[in-house]
file target_30.tsv (TSV, C-alpha atoms and all ligand atoms)
chain	number	residue	atom	x	y	z
A	1346	MET	CA	0.00	0.00	0.00
A	1347	THR	CA	1.57	3.25	-1.09
A	1348	GLY	CA	-0.78	5.68	0.67
A	1349	ILE	CA	-1.02	8.69	-1.64
A	1350	ARG	CA	-1.68	11.87	0.31
A	1351	ILE	CA	-4.02	14.24	-1.52
A	1352	GLY	CA	-3.45	17.98	-1.27
A	1353	GLU	CA	-4.34	21.40	-2.59
A	1354	ARG	CA	-2.59	20.94	-5.94
A	1355	ASP	CA	-4.36	17.70	-6.77
A	1356	VAL	CA	-7.52	17.37	-8.83
A	1357	LEU	CA	-9.86	14.43	-9.38
A	1358	LEU	CA	-11.25	14.30	-12.91
A	1359	VAL	CA	-14.47	12.26	-12.93
A	1360	VAL	CA	-15.10	11.25	-16.53
A	1361	ASP	CA	-18.59	10.73	-17.98
A	1362	VAL	CA	-20.41	9.01	-15.09
A	1363	GLN	CA	-23.65	9.38	-17.02
A	1364	ASN	CA	-26.74	7.25	-17.37
A	1365	ASP	CA	-26.07	6.26	-20.97
A	1366	PHE	CA	-22.74	4.68	-19.94
A	1367	CYS	CA	-24.39	2.67	-17.15
A	1368	PRO	CA	-26.40	-0.56	-17.43
A	1369	GLY	CA	-29.70	0.20	-19.14
A	1370	GLY	CA	-28.16	3.14	-21.00
A	1371	ALA	CA	-27.63	3.56	-24.73
A	1372	LEU	CA	-23.88	2.82	-24.60
A	1373	ALA	CA	-23.75	0.81	-21.42
A	1374	VAL	CA	-20.36	-0.07	-19.98
A	1375	ALA	CA	-20.42	-3.33	-18.01
A	1376	GLY	CA	-20.43	-2.46	-14.31
A	1377	GLY	CA	-20.44	1.26	-15.06
A	1378	ASP	CA	-22.79	1.96	-12.17
A	1379	ALA	CA	-20.68	-0.10	-9.77
A	1380	ILE	CA	-18.00	2.60	-9.64
A	1381	VAL	CA	-20.35	5.28	-8.28
A	1382	PRO	CA	-19.87	4.56	-4.55
A	1383	THR	CA	-16.11	4.39	-5.08
A	1384	VAL	CA	-16.11	7.68	-6.97
A	1385	ASN	CA	-18.23	9.36	-4.28
A	1386	ALA	CA	-15.88	8.23	-1.53
A	1387	LEU	CA	-12.81	9.25	-3.52
A	1388	ALA	CA	-14.21	12.68	-4.31
A	1389	ARG	CA	-14.46	13.41	-0.58
A	1390	ARG	CA	-10.67	13.13	-0.36
A	1391	PHE	CA	-10.17	15.90	-2.92
A	1392	THR	CA	-10.64	19.64	-2.52
A	1393	HIS	CA	-10.70	19.95	-6.31
A	1394	VAL	CA	-13.05	17.78	-8.36
A	1395	ILE	CA	-14.03	18.28	-11.99
A	1396	LEU	CA	-16.80	16.34	-13.70
A	1397	THR	CA	-16.93	15.77	-17.45
A	1398	GLN	CA	-20.14	15.21	-19.33
A	1399	ASP	CA	-20.33	13.71	-22.82
A	1400	TRP	CA	-22.79	16.03	-24.57
A	1401	HIS	CA	-23.86	15.44	-28.16
A	1402	LYS	CA	-26.45	17.02	-30.40
A	1403	PRO	CA	-29.00	14.74	-32.09
A	1404	GLY	CA	-27.46	13.43	-35.33
A	1405	HIS	CA	-23.89	13.79	-34.03
A	1406	LEU	CA	-21.37	12.45	-36.58
A	1407	SER	CA	-20.01	9.93	-34.07
A	1408	PHE	CA	-23.39	8.16	-34.17
A	1409	ALA	CA	-23.74	5.18	-36.54
A	1410	SER	CA	-27.27	6.43	-37.22
A	1411	ALA	CA	-25.74	9.46	-39.00
A	1412	HIS	CA	-23.96	7.18	-41.51
A	1413	PRO	CA	-26.37	5.24	-43.75
A	1414	GLY	CA	-25.44	1.58	-43.99
A	1415	ARG	CA	-23.11	1.71	-40.98
A	1416	ARG	CA	-23.53	-0.15	-37.72
A	1417	PRO	CA	-22.51	0.82	-34.19
A	1418	PHE	CA	-18.94	-0.16	-33.27
A	1419	GLU	CA	-17.70	-0.01	-36.88
A	1420	THR	CA	-14.87	2.43	-37.63
A	1421	VAL	CA	-15.04	5.05	-40.40
A	1422	GLU	CA	-12.59	7.63	-41.69
A	1423	MET	CA	-13.49	11.16	-40.72
A	1424	PRO	CA	-11.63	14.26	-41.97
A	1425	TYR	CA	-9.72	14.16	-38.67
A	1426	GLY	CA	-8.91	10.42	-38.75
A	1427	PRO	CA	-10.52	7.11	-37.78
A	1428	GLN	CA	-13.67	7.30	-35.68
A	1429	VAL	CA	-15.58	4.48	-34.01
A	1430	LEU	CA	-19.32	4.81	-34.62
A	1431	TRP	CA	-21.43	4.59	-31.51
A	1432	PRO	CA	-25.09	4.08	-30.74
A	1433	ASP	CA	-26.88	7.40	-30.23
A	1434	HIS	CA	-25.94	8.42	-26.67
A	1435	CYS	CA	-25.60	11.37	-24.30
A	1436	ILE	CA	-27.84	13.67	-26.29
A	1437	GLU	CA	-27.87	17.11	-24.71
A	1438	ASN	CA	-30.55	17.67	-22.08
A	1439	THR	CA	-31.84	14.09	-22.14
A	1440	PRO	CA	-31.94	11.66	-19.20
A	1441	GLY	CA	-29.20	9.57	-20.84
A	1442	ALA	CA	-26.84	12.54	-20.67
A	1443	ALA	CA	-27.57	13.20	-17.00
A	1444	PHE	CA	-25.13	12.11	-14.35
A	1445	HIS	CA	-25.91	8.82	-12.62
A	1446	PRO	CA	-28.47	9.72	-9.95
A	1447	ALA	CA	-26.29	8.35	-7.16
A	1448	LEU	CA	-23.23	10.38	-8.17
A	1449	ASP	CA	-22.76	12.63	-5.17
A	1450	VAL	CA	-20.08	15.28	-5.62
A	1451	PRO	CA	-21.62	18.51	-4.35
A	1452	HIS	CA	-18.27	20.29	-4.29
A	1453	ALA	CA	-17.39	19.68	-7.96
A	1454	GLU	CA	-15.95	23.03	-9.08
A	1455	LEU	CA	-16.32	22.60	-12.83
A	1456	ILE	CA	-18.56	20.57	-15.12
A	1457	LEU	CA	-16.88	20.32	-18.50
A	1458	ARG	CA	-19.02	19.29	-21.45
A	1459	LYS	CA	-17.39	17.78	-24.51
A	1460	GLY	CA	-18.49	16.44	-27.89
A	1461	PHE	CA	-20.86	19.36	-28.49
A	1462	ASP	CA	-19.44	20.14	-31.95
A	1463	PRO	CA	-21.81	18.19	-34.24
A	1464	ALA	CA	-18.99	17.11	-36.57
A	1465	ILE	CA	-16.17	16.12	-34.16
A	1466	ASP	CA	-16.18	13.60	-31.34
A	1467	SER	CA	-14.26	14.34	-28.14
A	1468	TYR	CA	-13.03	11.46	-26.04
A	1469	SER	CA	-10.46	13.51	-24.19
A	1470	ALA	CA	-11.43	16.21	-21.72
A	1471	PHE	CA	-8.54	18.28	-23.15
A	1472	TYR	CA	-8.85	17.99	-26.96
A	1473	GLU	CA	-11.48	17.05	-29.48
A	1474	ASN	CA	-10.76	13.98	-31.62
A	1475	ASP	CA	-8.99	16.09	-34.25
A	1476	ARG	CA	-6.38	16.20	-31.43
A	1477	VAL	CA	-5.82	19.95	-31.88
A	1478	THR	CA	-9.04	21.73	-30.82
A	1479	PRO	CA	-8.66	22.41	-27.09
A	1480	THR	CA	-11.52	22.31	-24.59
A	1481	GLY	CA	-9.76	24.79	-22.33
A	1482	LEU	CA	-9.26	22.32	-19.49
A	1483	GLY	CA	-5.46	22.44	-19.77
A	1484	GLY	CA	-5.50	26.19	-19.29
A	1485	TYR	CA	-8.01	25.94	-16.45
A	1486	LEU	CA	-5.88	23.49	-14.51
A	1487	LYS	CA	-2.70	25.50	-15.07
A	1488	GLU	CA	-4.26	28.84	-14.14
A	1489	ARG	CA	-5.62	27.25	-10.99
A	1490	GLY	CA	-2.15	25.97	-10.04
A	1491	LEU	CA	-3.15	22.30	-10.12
A	1492	GLU	CA	-0.30	19.86	-10.67
A	1493	ARG	CA	-1.46	16.28	-10.27
A	1494	VAL	CA	-4.44	14.85	-12.12
A	1495	PHE	CA	-6.20	11.72	-10.82
A	1496	LEU	CA	-8.79	10.08	-13.04
A	1497	ALA	CA	-11.89	7.98	-12.46
A	1498	GLY	CA	-14.93	7.21	-14.59
A	1499	LEU	CA	-16.10	5.82	-17.91
A	1500	ALA	CA	-14.87	4.46	-20.12
A	1501	LEU	CA	-11.34	3.52	-19.09
A	1502	ASP	CA	-10.28	2.64	-22.64
A	1503	PHE	CA	-11.80	5.69	-24.35
A	1504	CYS	CA	-12.53	8.92	-22.52
A	1505	VAL	CA	-10.45	8.15	-19.42
A	1506	ARG	CA	-7.55	6.91	-21.54
A	1507	TYR	CA	-7.36	9.94	-23.82
A	1508	SER	CA	-7.92	12.37	-20.98
A	1509	ALA	CA	-5.06	10.74	-19.06
A	1510	GLU	CA	-2.74	10.87	-22.07
A	1511	ASP	CA	-3.50	14.53	-22.73
A	1512	ALA	CA	-3.10	15.45	-19.06
A	1513	HIS	CA	0.30	13.81	-19.24
A	1514	GLY	CA	1.05	15.71	-22.46
A	1515	HIS	CA	0.29	18.96	-20.63
A	1516	GLY	CA	2.94	18.09	-18.06
A	1517	PHE	CA	0.70	17.05	-15.18
A	1518	ALA	CA	1.55	14.03	-13.06
A	1519	VAL	CA	-1.22	11.58	-13.95
A	1520	THR	CA	-2.72	8.69	-11.99
A	1521	VAL	CA	-5.61	6.49	-13.11
A	1522	ILE	CA	-7.63	5.00	-10.25
A	1523	GLU	CA	-8.39	1.67	-11.84
A	1524	ASP	CA	-11.16	0.30	-9.67
A	1525	ALA	CA	-12.98	3.63	-10.07
A	1526	CYS	CA	-13.17	3.00	-13.85
A	1527	ARG	CA	-14.78	0.46	-16.17
A	1528	ALA	CA	-13.88	-0.31	-19.80
A	1529	ILE	CA	-15.82	-0.88	-23.02
A	1530	ASP	CA	-13.08	-3.26	-24.31
A	1531	LEU	CA	-13.71	-3.04	-28.07
A	1532	ASP	CA	-11.20	-4.89	-30.32
A	1533	GLY	CA	-8.36	-4.78	-27.79
A	1534	SER	CA	-8.98	-1.22	-26.65
A	1535	LEU	CA	-8.44	-2.07	-22.99
A	1536	ALA	CA	-5.03	-3.66	-23.65
A	1537	ALA	CA	-4.15	-0.67	-25.83
A	1538	ALA	CA	-5.07	1.72	-23.03
A	1539	GLU	CA	-2.94	-0.21	-20.53
A	1540	ALA	CA	-0.01	-0.18	-22.96
A	1541	ALA	CA	-0.41	3.57	-23.47
A	1542	PHE	CA	-0.40	4.19	-19.71
A	1543	ALA	CA	2.74	2.09	-19.29
A	1544	ALA	CA	4.51	3.79	-22.21
A	1545	ARG	CA	3.91	7.26	-20.78
A	1546	GLY	CA	4.49	6.59	-17.12
A	1547	ILE	CA	0.85	7.14	-16.23
A	1548	ALA	CA	0.43	5.57	-12.80
A	1549	ARG	CA	-2.32	3.06	-12.05
A	1550	VAL	CA	-3.50	2.70	-8.48
A	1551	ARG	CA	-6.48	1.35	-6.55
A	1552	ALA	CA	-8.85	3.63	-4.68
A	1553	VAL	CA	-7.77	2.23	-1.32
A	1554	GLU	CA	-4.30	3.69	-1.94
A	1555	ILE	CA	-5.66	7.24	-1.90
A	1556	ALA	CA	-5.33	8.49	1.67
A	1601	LIG	C1	-17.21	7.64	-24.56
A	1601	LIG	C2	-17.59	6.60	-26.56
A	1601	LIG	C3	-18.33	7.66	-27.01
A	1601	LIG	C4	-16.59	7.61	-23.21
A	1601	LIG	C5	-17.95	8.73	-25.00
A	1601	LIG	O1	-17.04	8.34	-22.31
A	1601	LIG	O2	-15.63	6.81	-23.03
A	1601	LIG	N1	-17.03	6.58	-25.36
A	1601	LIG	N2	-18.52	8.73	-26.21
A	1602	ZN	ZN	-19.87	10.23	-26.89
call {"tool": "encode", "arguments": {"input": "target_30.tsv", "output": "structure tokens"}}
result
Amino acid sequence: MTGIRIGERDVLLVVDVQNDFCPGGALAVAGGDAIVPTVNALARRFTHVILTQDWHKPGHLSFASAHPGRRPFETVEMPYGPQVLWPDHCIENTPGAAFHPALDVPHAELILRKGFDPAIDSYSAFYENDRVTPTGLGGYLKERGLERVFLAGLALDFCVRYSAEDAHGHGFAVTVIEDACRAIDLDGSLAAAEAAFAARGIARVRAVEIA
């Protein structure tokens, strides 16, 4: 047990703990709802917590339904590169886009929505999937003097993964809290995420290690 002491320069980034990513939702992640008590308990250890919310318009270009003849979980080429097509999910102002009802983080200081451009998906909380359009989160964290980014949420192999990589790219010390995440695991995406974390020195810990 390492016992990581959380302080004023640490932030917990809670990624996409939304109904559509939980069992019964449009893009359900197995066990997605099971992380909620862990996330709630973790959040109480942090002064600084940020929530992200996947937030798409109807007809978003990441939806298979926007591509005639295509099925969910196929990959297509977009102007910005390959894009997995998803079932319609997290449509703005719908119950599927709402946070899980048991998510209890009253002190969250920022709710960052992403994926609102109808033509570009955004897995990362820092950049859209063109990998160059910033969300502003990097600047927010730097201006606020935050230095270490801890991540929890859904899905480990998509939005958590790319958020972690981009946090690392911004120079933050990055730790993924593994048992506070769940993965989609599409065509080896979980193994790819784990390899990416290892390659970049992104730490992986369990929630119990956070003091
Ligand atoms: C996510 C696929 C599509 C995620 C969001 O939160 O990991 N995955 N939109
Ligand atoms: Zn999405």
call {"tool": "closest_atom_pairs", "arguments": {"input": "target_30.tsv", "of": "chain A", "to": "ligand LIG 1601 (chain A)", "cutoff": "6 Å", "atoms": "only C-alpha atoms and all ligand atoms", "output": "CSV"}}
result
residue,atom,partner,partner_atom,distance
A:Asp1361,CA,A:LIG1601,O1,5.2
A:Asp1399,CA,A:LIG1601,C5,5.9
A:Tyr1468,CA,A:LIG1601,C5,5.7
A:Leu1499,CA,A:LIG1601,O1,5.2
A:Ala1500,CA,A:LIG1601,O2,3.8
A:Phe1503,CA,A:LIG1601,O2,4.2
A:Cys1504,CA,A:LIG1601,O2,3.8
call {"tool": "closest_residue", "arguments": {"input": "target_30.tsv", "among": "A:Ile1529, A:Ala1470, A:Val1356, A:Leu1482", "to": "Phe1391 in chain A", "atoms": "all atoms listed in the file"}}
result
A:Val1356
call {"tool": "residues_near_ligand", "arguments": {"input": "target_30.tsv", "ligand": "ligand ZN 1602 (chain A)", "cutoff": "8 Å", "atoms": "all atoms listed in the file", "output": "list in words"}}
result
Asp1399, Trp1400, His1401, Ser1407, Trp1431, His1434, Cys1435, Gly1460, Asp1466, Ser1467 and Tyr1468 of chain A
call {"tool": "atom_distance", "arguments": {"input": "target_30.tsv", "atom1": "CA of Ala1552 in chain A", "atom2": "CA of Asn1474 in chain A"}}
result
28.9 Å
call {"tool": "residues_around", "arguments": {"input": "target_30.tsv", "residues": "Phe1408 in chain A", "least_positions_apart": "4", "cutoff": "9 Å", "atoms": "all atoms listed in the file", "output": "ChimeraX atom specification"}}
result
/A:1403-1404,1412,1417,1429-1434
call {"tool": "atom_distance", "arguments": {"input": "target_30.tsv", "atom1": "CA of Ile1380 in chain A", "atom2": "CA of Val1521 in chain A"}}
result
13.4 Å
call {"tool": "closest_residue", "arguments": {"input": "target_30.tsv", "among": "A:Leu1358, A:Val1477, A:Ala1411, A:Leu1387", "to": "Val1519 in chain A", "atoms": "only C-alpha atoms"}}
result
A:Leu1358
call {"tool": "residues_near_point", "arguments": {"input": "target_30.tsv", "point": "(-29.2, 2.9, -23.0)", "cutoff": "12 Å", "atoms": "all atoms listed in the file", "output": "compact mmCIF listing (two decimals) with C-alpha atoms, keeping the file's coordinate frame"}}
result
# COMPACT_ATOMS: atom_id res chain seq x y z
CA GLN A 1363 -23.65 9.38 -17.02
CA ASN A 1364 -26.74 7.25 -17.37
CA ASP A 1365 -26.07 6.26 -20.97
CA PHE A 1366 -22.74 4.68 -19.94
CA CYS A 1367 -24.39 2.67 -17.15
CA PRO A 1368 -26.40 -0.56 -17.43
CA GLY A 1369 -29.70 0.20 -19.14
CA GLY A 1370 -28.16 3.14 -21.00
CA ALA A 1371 -27.63 3.56 -24.73
CA LEU A 1372 -23.88 2.82 -24.60
CA ALA A 1373 -23.75 0.81 -21.42
CA VAL A 1374 -20.36 -0.07 -19.98
CA ALA A 1375 -20.42 -3.33 -18.01
CA GLY A 1377 -20.44 1.26 -15.06
CA TRP A 1431 -21.43 4.59 -31.51
CA PRO A 1432 -25.09 4.08 -30.74
CA ASP A 1433 -26.88 7.40 -30.23
CA HIS A 1434 -25.94 8.42 -26.67
CA CYS A 1435 -25.60 11.37 -24.30
CA ILE A 1436 -27.84 13.67 -26.29
CA THR A 1439 -31.84 14.09 -22.14
CA PRO A 1440 -31.94 11.66 -19.20
CA GLY A 1441 -29.20 9.57 -20.84
CA ALA A 1442 -26.84 12.54 -20.67
call {"tool": "atom_distance", "arguments": {"input": "target_30.tsv", "atom1": "CA of Phe1471 in chain A", "atom2": "CA of Val1553 in chain A"}}
result
27.1 Å
call {"tool": "residues_around", "arguments": {"input": "target_30.tsv", "residues": "range 1505-1517 of chain A", "least_positions_apart": "5", "cutoff": "8 Å", "atoms": "all atoms listed in the file", "output": "PyMOL selection string"}}
result
chain A and resi 1360+1468-1472+1483+1492-1494+1496-1500+1538+1541-1542+1545+1547
call {"tool": "decode", "arguments": {"input": "target_30.tsv", "residues": "range 1467-1510 of chain A", "atoms": "N, CA and C atoms", "output": "PDB file, in the first residue's frame"}}
result
ATOM      1  N   SER A1467     -15.255  13.905 -29.118  1.00  0.00           N
ATOM      2  CA  SER A1467     -14.263  14.340 -28.141  1.00  0.00           C
ATOM      3  C   SER A1467     -14.190  13.319 -27.023  1.00  0.00           C
ATOM      4  N   TYR A1468     -13.227  12.419 -27.129  1.00  0.00           N
ATOM      5  CA  TYR A1468     -13.031  11.457 -26.040  1.00  0.00           C
ATOM      6  C   TYR A1468     -12.336  12.149 -24.878  1.00  0.00           C
ATOM      7  N   SER A1469     -11.271  12.872 -25.220  1.00  0.00           N
ATOM      8  CA  SER A1469     -10.456  13.508 -24.188  1.00  0.00           C
ATOM      9  C   SER A1469     -11.164  14.724 -23.611  1.00  0.00           C
ATOM     10  N   ALA A1470     -10.921  14.984 -22.355  1.00  0.00           N
ATOM     11  CA  ALA A1470     -11.430  16.208 -21.724  1.00  0.00           C
ATOM     12  C   ALA A1470     -10.576  17.421 -22.093  1.00  0.00           C
ATOM     13  N   PHE A1471      -9.463  17.184 -22.808  1.00  0.00           N
ATOM     14  CA  PHE A1471      -8.539  18.276 -23.154  1.00  0.00           C
ATOM     15  C   PHE A1471      -8.612  18.689 -24.623  1.00  0.00           C
ATOM     16  N   TYR A1472      -8.812  17.705 -25.519  1.00  0.00           N
ATOM     17  CA  TYR A1472      -8.852  17.986 -26.959  1.00  0.00           C
ATOM     18  C   TYR A1472      -9.968  17.203 -27.621  1.00  0.00           C
ATOM     19  N   GLU A1473     -10.534  17.792 -28.666  1.00  0.00           N
ATOM     20  CA  GLU A1473     -11.477  17.052 -29.484  1.00  0.00           C
ATOM     21  C   GLU A1473     -10.701  15.996 -30.287  1.00  0.00           C
ATOM     22  N   ASN A1474     -11.432  15.119 -30.975  1.00  0.00           N
ATOM     23  CA  ASN A1474     -10.761  13.984 -31.617  1.00  0.00           C
ATOM     24  C   ASN A1474      -9.915  14.367 -32.821  1.00  0.00           C
ATOM     25  N   ASP A1475      -9.973  15.641 -33.251  1.00  0.00           N
ATOM     26  CA  ASP A1475      -8.986  16.087 -34.247  1.00  0.00           C
ATOM     27  C   ASP A1475      -7.618  16.246 -33.595  1.00  0.00           C
ATOM     28  N   ARG A1476      -7.584  16.149 -32.254  1.00  0.00           N
ATOM     29  CA  ARG A1476      -6.379  16.195 -31.433  1.00  0.00           C
ATOM     30  C   ARG A1476      -5.744  17.587 -31.377  1.00  0.00           C
ATOM     31  N   VAL A1477      -6.388  18.593 -31.950  1.00  0.00           N
ATOM     32  CA  VAL A1477      -5.825  19.948 -31.882  1.00  0.00           C
ATOM     33  C   VAL A1477      -6.783  20.982 -31.293  1.00  0.00           C
ATOM     34  N   THR A1478      -8.091  20.740 -31.341  1.00  0.00           N
ATOM     35  CA  THR A1478      -9.041  21.726 -30.823  1.00  0.00           C
ATOM     36  C   THR A1478      -9.149  21.571 -29.312  1.00  0.00           C
ATOM     37  N   PRO A1479      -8.656  22.568 -28.551  1.00  0.00           N
ATOM     38  CA  PRO A1479      -8.655  22.407 -27.089  1.00  0.00           C
ATOM     39  C   PRO A1479     -10.036  22.675 -26.482  1.00  0.00           C
ATOM     40  N   THR A1480     -10.283  22.028 -25.351  1.00  0.00           N
ATOM     41  CA  THR A1480     -11.516  22.308 -24.594  1.00  0.00           C
ATOM     42  C   THR A1480     -11.318  23.450 -23.611  1.00  0.00           C
ATOM     43  N   GLY A1481     -10.067  23.780 -23.329  1.00  0.00           N
ATOM     44  CA  GLY A1481      -9.758  24.795 -22.326  1.00  0.00           C
ATOM     45  C   GLY A1481      -9.375  24.217 -20.972  1.00  0.00           C
ATOM     46  N   LEU A1482      -9.541  22.899 -20.799  1.00  0.00           N
ATOM     47  CA  LEU A1482      -9.258  22.317 -19.486  1.00  0.00           C
ATOM     48  C   LEU A1482      -7.785  22.444 -19.102  1.00  0.00           C
ATOM     49  N   GLY A1483      -6.893  22.308 -20.084  1.00  0.00           N
ATOM     50  CA  GLY A1483      -5.463  22.440 -19.768  1.00  0.00           C
ATOM     51  C   GLY A1483      -5.154  23.802 -19.176  1.00  0.00           C
ATOM     52  N   GLY A1484      -5.703  24.837 -19.799  1.00  0.00           N
ATOM     53  CA  GLY A1484      -5.502  26.194 -19.295  1.00  0.00           C
ATOM     54  C   GLY A1484      -6.136  26.390 -17.934  1.00  0.00           C
ATOM     55  N   TYR A1485      -7.317  25.835 -17.747  1.00  0.00           N
ATOM     56  CA  TYR A1485      -8.011  25.944 -16.454  1.00  0.00           C
ATOM     57  C   TYR A1485      -7.133  25.366 -15.337  1.00  0.00           C
ATOM     58  N   LEU A1486      -6.660  24.150 -15.562  1.00  0.00           N
ATOM     59  CA  LEU A1486      -5.876  23.486 -14.512  1.00  0.00           C
ATOM     60  C   LEU A1486      -4.600  24.275 -14.217  1.00  0.00           C
ATOM     61  N   LYS A1487      -3.955  24.767 -15.270  1.00  0.00           N
ATOM     62  CA  LYS A1487      -2.701  25.505 -15.067  1.00  0.00           C
ATOM     63  C   LYS A1487      -2.953  26.824 -14.360  1.00  0.00           C
ATOM     64  N   GLU A1488      -3.976  27.546 -14.790  1.00  0.00           N
ATOM     65  CA  GLU A1488      -4.263  28.837 -14.144  1.00  0.00           C
ATOM     66  C   GLU A1488      -4.625  28.668 -12.681  1.00  0.00           C
ATOM     67  N   ARG A1489      -5.220  27.506 -12.364  1.00  0.00           N
ATOM     68  CA  ARG A1489      -5.619  27.254 -10.986  1.00  0.00           C
ATOM     69  C   ARG A1489      -4.480  26.655 -10.162  1.00  0.00           C
ATOM     70  N   GLY A1490      -3.323  26.447 -10.783  1.00  0.00           N
ATOM     71  CA  GLY A1490      -2.153  25.970 -10.040  1.00  0.00           C
ATOM     72  C   GLY A1490      -2.217  24.495  -9.683  1.00  0.00           C
ATOM     73  N   LEU A1491      -3.038  23.741 -10.413  1.00  0.00           N
ATOM     74  CA  LEU A1491      -3.150  22.305 -10.121  1.00  0.00           C
ATOM     75  C   LEU A1491      -2.023  21.562 -10.824  1.00  0.00           C
ATOM     76  N   GLU A1492      -1.514  20.520 -10.176  1.00  0.00           N
ATOM     77  CA  GLU A1492      -0.300  19.864 -10.673  1.00  0.00           C
ATOM     78  C   GLU A1492      -0.443  18.370 -10.893  1.00  0.00           C
ATOM     79  N   ARG A1493      -1.291  17.734 -10.090  1.00  0.00           N
ATOM     80  CA  ARG A1493      -1.463  16.281 -10.266  1.00  0.00           C
ATOM     81  C   ARG A1493      -2.914  15.988 -10.614  1.00  0.00           C
ATOM     82  N   VAL A1494      -3.102  15.198 -11.661  1.00  0.00           N
ATOM     83  CA  VAL A1494      -4.439  14.848 -12.122  1.00  0.00           C
ATOM     84  C   VAL A1494      -4.693  13.368 -11.842  1.00  0.00           C
ATOM     85  N   PHE A1495      -5.754  13.086 -11.093  1.00  0.00           N
ATOM     86  CA  PHE A1495      -6.200  11.716 -10.820  1.00  0.00           C
ATOM     87  C   PHE A1495      -7.483  11.499 -11.612  1.00  0.00           C
ATOM     88  N   LEU A1496      -7.620  10.318 -12.204  1.00  0.00           N
ATOM     89  CA  LEU A1496      -8.794  10.079 -13.045  1.00  0.00           C
ATOM     90  C   LEU A1496      -9.612   8.883 -12.579  1.00  0.00           C
ATOM     91  N   ALA A1497     -10.930   9.051 -12.710  1.00  0.00           N
ATOM     92  CA  ALA A1497     -11.891   7.984 -12.461  1.00  0.00           C
ATOM     93  C   ALA A1497     -12.991   8.123 -13.499  1.00  0.00           C
ATOM     94  N   GLY A1498     -13.749   7.060 -13.739  1.00  0.00           N
ATOM     95  CA  GLY A1498     -14.925   7.205 -14.587  1.00  0.00           C
ATOM     96  C   GLY A1498     -14.997   6.233 -15.743  1.00  0.00           C
ATOM     97  N   LEU A1499     -15.719   6.673 -16.791  1.00  0.00           N
ATOM     98  CA  LEU A1499     -16.097   5.818 -17.911  1.00  0.00           C
ATOM     99  C   LEU A1499     -15.733   6.518 -19.218  1.00  0.00           C
ATOM    100  N   ALA A1500     -15.339   5.830 -20.218  1.00  0.00           N
ATOM    101  CA  ALA A1500     -14.872   4.459 -20.116  1.00  0.00           C
ATOM    102  C   ALA A1500     -13.338   4.473 -20.059  1.00  0.00           C
ATOM    103  N   LEU A1501     -12.785   3.535 -19.314  1.00  0.00           N
ATOM    104  CA  LEU A1501     -11.335   3.515 -19.088  1.00  0.00           C
ATOM    105  C   LEU A1501     -10.548   3.538 -20.394  1.00  0.00           C
ATOM    106  N   ASP A1502     -11.034   2.812 -21.400  1.00  0.00           N
ATOM    107  CA  ASP A1502     -10.279   2.638 -22.642  1.00  0.00           C
ATOM    108  C   ASP A1502     -10.625   3.670 -23.714  1.00  0.00           C
ATOM    109  N   PHE A1503     -11.517   4.608 -23.411  1.00  0.00           N
ATOM    110  CA  PHE A1503     -11.800   5.689 -24.350  1.00  0.00           C
ATOM    111  C   PHE A1503     -11.616   7.040 -23.662  1.00  0.00           C
ATOM    112  N   CYS A1504     -12.635   7.545 -23.014  1.00  0.00           N
ATOM    113  CA  CYS A1504     -12.528   8.921 -22.521  1.00  0.00           C
ATOM    114  C   CYS A1504     -11.538   9.066 -21.365  1.00  0.00           C
ATOM    115  N   VAL A1505     -11.449   8.066 -20.496  1.00  0.00           N
ATOM    116  CA  VAL A1505     -10.451   8.146 -19.419  1.00  0.00           C
ATOM    117  C   VAL A1505      -9.049   8.051 -20.010  1.00  0.00           C
ATOM    118  N   ARG A1506      -8.863   7.098 -20.928  1.00  0.00           N
ATOM    119  CA  ARG A1506      -7.546   6.915 -21.543  1.00  0.00           C
ATOM    120  C   ARG A1506      -7.045   8.204 -22.205  1.00  0.00           C
ATOM    121  N   TYR A1507      -7.859   8.778 -23.076  1.00  0.00           N
ATOM    122  CA  TYR A1507      -7.364   9.942 -23.822  1.00  0.00           C
ATOM    123  C   TYR A1507      -7.234  11.176 -22.926  1.00  0.00           C
ATOM    124  N   SER A1508      -8.067  11.271 -21.940  1.00  0.00           N
ATOM    125  CA  SER A1508      -7.920  12.370 -20.979  1.00  0.00           C
ATOM    126  C   SER A1508      -6.609  12.221 -20.202  1.00  0.00           C
ATOM    127  N   ALA A1509      -6.297  10.993 -19.806  1.00  0.00           N
ATOM    128  CA  ALA A1509      -5.059  10.735 -19.058  1.00  0.00           C
ATOM    129  C   ALA A1509      -3.842  11.065 -19.926  1.00  0.00           C
ATOM    130  N   GLU A1510      -3.876  10.618 -21.180  1.00  0.00           N
ATOM    131  CA  GLU A1510      -2.737  10.874 -22.072  1.00  0.00           C
ATOM    132  C   GLU A1510      -2.539  12.369 -22.291  1.00  0.00           C
TER     133      GLU A1510
END
